[in-house]
Amino acid sequence: MLEAFISPELELIFYIILLISIFSFFSLAPWVPTKSSDLSRIHKILWLKPWEKFLEIWCWTAKVSLYLAKHNPEAHVTGIELSPLLFIFSKLRVYFSGLKNINIIYWNALKQDFSTFDVFYIFGLPETVTKKIAPKLLEQMNDTARFFSYCFIMNNDNFIQTQHKEQKNVYSIYEYTKI
Ligand SMILES: C[S@@+](CC[C@H](N)C(=O)[O-])C[C@H]1O[C@@H](n2cnc3c(N)ncnc32)[C@H](O)[C@@H]1O
């Protein structure tokens, strides 16, 4: 179909990227990003310390990661993304931002080792967060680490939950620490 414009090899690569993107589309998170108007709230609520390592579990276009990296120049920020197109886009954004304290990884977040990070952020569906992320956090997250979930709660009795909702008309941000 595309052969009038590009070579068969490039067309094949295009379809492979499209297939992988569709796979990640039907995965475990809502297909929308964090609201831009919530970025400064998130920054204040997470309050990263200079030495902390932050992980955004599935980062879309690295919107949250870039904001935090810019406003926390001494913290180290990592974003993980499984969609090739979004990964490439995120990498380009990071490159053009000039920031040196941020890294984007193309990888399945569910296979990532969580033990080396201090602060986590996710915008994932409640079922995913509860069934897939909570057991991983329980097993791998350090005792002093903090996990933040945008909009949705994580149901697990092994964590202390704090709800951040400063006004009526904003989304809740849920903070979890191990009991
Ligand atoms: C809700 S969006 C993320 C929004 C972003 N965190 C934000 O708050 O702006 C979900 C993203 O997760 C990615 N994704 C889904 N499953 C994934 C997985 N297992 N590993 C890494 N990324 C994944 C999707 O490609 C999509 O870009």
# chains A, B, ... in the order shown; residues from 1 in each chain; ligands from 1
>>> residues_around(residues="Leu137 (chain A)", least_positions_apart="4", cutoff="9 Å", atoms="only C-alpha atoms", output="compact mmCIF listing (two decimals) with C-alpha atoms, in the first residue's frame")
# COMPACT_ATOMS: atom_id res chain seq x y z
CA PHE A 114 12.38 -1.48 40.95
CA SER A 115 14.95 -1.89 43.72
CA ILE A 133 2.45 -3.20 40.09
CA MET A 141 10.71 -1.45 46.46
CA ASN A 142 13.05 -0.20 49.22
CA PHE A 147 5.09 5.30 45.12
CA LYS A 178 5.46 0.27 52.77
>>> select_by_dssp(residues="region 6-159 of chain A", states="strand (DSSP E or B)", output="short mmCIF file (atom, residue, chain, number, x, y, z; two decimals) with N, CA, C and O atoms, in the first residue's frame")
data_model
loop_
_atom_site.label_atom_id
_atom_site.label_comp_id
_atom_site.auth_asym_id
_atom_site.auth_seq_id
_atom_site.Cartn_x
_atom_site.Cartn_y
_atom_site.Cartn_z
N LYS A 53 16.41 8.93 43.10
CA LYS A 53 16.24 8.39 41.75
C LYS A 53 14.75 8.16 41.53
O LYS A 53 14.11 7.40 42.25
N PHE A 54 14.27 8.84 40.48
CA PHE A 54 12.83 8.80 40.19
C PHE A 54 12.57 7.94 38.97
O PHE A 54 13.31 8.00 37.98
N LEU A 55 11.50 7.15 39.04
CA LEU A 55 11.11 6.34 37.88
C LEU A 55 9.66 6.61 37.50
O LEU A 55 8.76 6.46 38.33
N GLU A 56 9.44 7.01 36.24
CA GLU A 56 8.07 7.11 35.72
C GLU A 56 7.77 5.80 35.00
O GLU A 56 8.37 5.50 33.96
N ILE A 57 6.86 5.03 35.57
CA ILE A 57 6.52 3.72 35.00
C ILE A 57 5.57 3.98 33.82
O ILE A 57 4.45 4.43 34.02
N HIS A 76 17.82 12.28 39.83
CA HIS A 76 17.96 11.60 38.55
C HIS A 76 16.62 10.98 38.13
O HIS A 76 15.99 10.25 38.90
N VAL A 77 16.21 11.28 36.89
CA VAL A 77 14.88 10.89 36.41
C VAL A 77 15.00 9.85 35.30
O VAL A 77 15.79 10.01 34.37
N THR A 78 14.18 8.79 35.42
CA THR A 78 14.12 7.76 34.36
C THR A 78 12.67 7.56 33.96
O THR A 78 11.78 7.51 34.81
N GLY A 79 12.44 7.45 32.65
CA GLY A 79 11.11 7.11 32.15
C GLY A 79 11.20 5.83 31.33
O GLY A 79 12.18 5.64 30.60
N ILE A 80 10.19 4.97 31.47
CA ILE A 80 10.17 3.73 30.68
C ILE A 80 8.97 3.77 29.75
O ILE A 80 7.86 4.12 30.17
N GLU A 81 9.18 3.39 28.49
CA GLU A 81 8.08 3.41 27.52
C GLU A 81 8.21 2.21 26.58
O GLU A 81 9.30 1.90 26.13
N ILE A 102 18.21 13.08 32.99
CA ILE A 102 17.03 12.29 32.60
C ILE A 102 17.41 11.26 31.55
O ILE A 102 18.20 11.53 30.64
N ASN A 103 16.82 10.08 31.70
CA ASN A 103 17.09 8.99 30.77
C ASN A 103 15.76 8.31 30.42
O ASN A 103 14.94 8.09 31.31
N ILE A 104 15.57 8.00 29.14
CA ILE A 104 14.35 7.28 28.73
C ILE A 104 14.76 5.89 28.25
O ILE A 104 15.68 5.75 27.44
N ILE A 105 14.05 4.88 28.76
CA ILE A 105 14.38 3.49 28.43
C ILE A 105 13.25 2.88 27.62
O ILE A 105 12.07 3.05 27.98
N TYR A 106 13.62 2.16 26.55
CA TYR A 106 12.62 1.39 25.80
C TYR A 106 12.58 -0.01 26.39
O TYR A 106 13.47 -0.82 26.19
N VAL A 119 11.67 6.92 44.18
CA VAL A 119 10.34 7.50 44.01
C VAL A 119 9.77 7.01 42.68
O VAL A 119 10.46 7.01 41.65
N PHE A 120 8.51 6.58 42.71
CA PHE A 120 7.85 6.04 41.51
C PHE A 120 6.59 6.85 41.22
O PHE A 120 5.89 7.28 42.15
N TYR A 121 6.29 6.97 39.90
CA TYR A 121 5.04 7.65 39.50
C TYR A 121 4.40 6.83 38.39
O TYR A 121 5.09 6.36 37.48
N ILE A 122 3.09 6.68 38.48
CA ILE A 122 2.38 5.94 37.42
C ILE A 122 1.02 6.57 37.16
O ILE A 122 0.39 7.11 38.07
N ARG A 146 8.96 5.77 47.90
CA ARG A 146 7.57 6.26 47.82
C ARG A 146 7.02 5.99 46.43
O ARG A 146 7.73 6.17 45.44
N PHE A 147 5.76 5.59 46.39
CA PHE A 147 5.09 5.30 45.12
C PHE A 147 3.88 6.23 44.98
O PHE A 147 3.08 6.34 45.92
N PHE A 148 3.73 6.87 43.80
CA PHE A 148 2.61 7.79 43.58
C PHE A 148 1.77 7.32 42.39
O PHE A 148 2.32 7.00 41.33
N SER A 149 0.47 7.30 42.59
CA SER A 149 -0.45 6.89 41.52
C SER A 149 -1.39 8.06 41.21
O SER A 149 -2.06 8.57 42.11
N TYR A 150 -1.40 8.45 39.94
CA TYR A 150 -2.25 9.57 39.49
C TYR A 150 -3.68 9.07 39.29
O TYR A 150 -3.90 8.08 38.56
N PHE A 159 0.54 -1.42 52.23
CA PHE A 159 1.04 -0.05 52.04
C PHE A 159 0.18 0.94 52.84
O PHE A 159 -1.02 0.72 53.01
#
>>> atom_distance(atom1="CA of Ser40 (chain A)", atom2="CA of Tyr67 (chain A)")
8.3 Å
>>> closest_residue(among="A:Lys165, A:Lys35, A:Lys63, A:Lys131", to="Lys91 (chain A)", atoms="only C-alpha atoms")
A:Lys63
>>> closest_residue(among="A:Leu46, A:Cys151, A:Ile6, A:Ala75", to="ligand 1", atoms="only C-alpha atoms and all ligand atoms")
A:Cys151
>>> select_by_dssp(residues="region 112-154 of chain A", states="alpha helix (DSSP H)", output="PyMOL selection string")
chain A and resi 126-128+134-140
>>> closest_residue(among="A:Asn72, A:Asn108, A:Ser97, A:Ser36", to="ligand 1", atoms="only C-alpha atoms and all ligand atoms")
A:Asn108
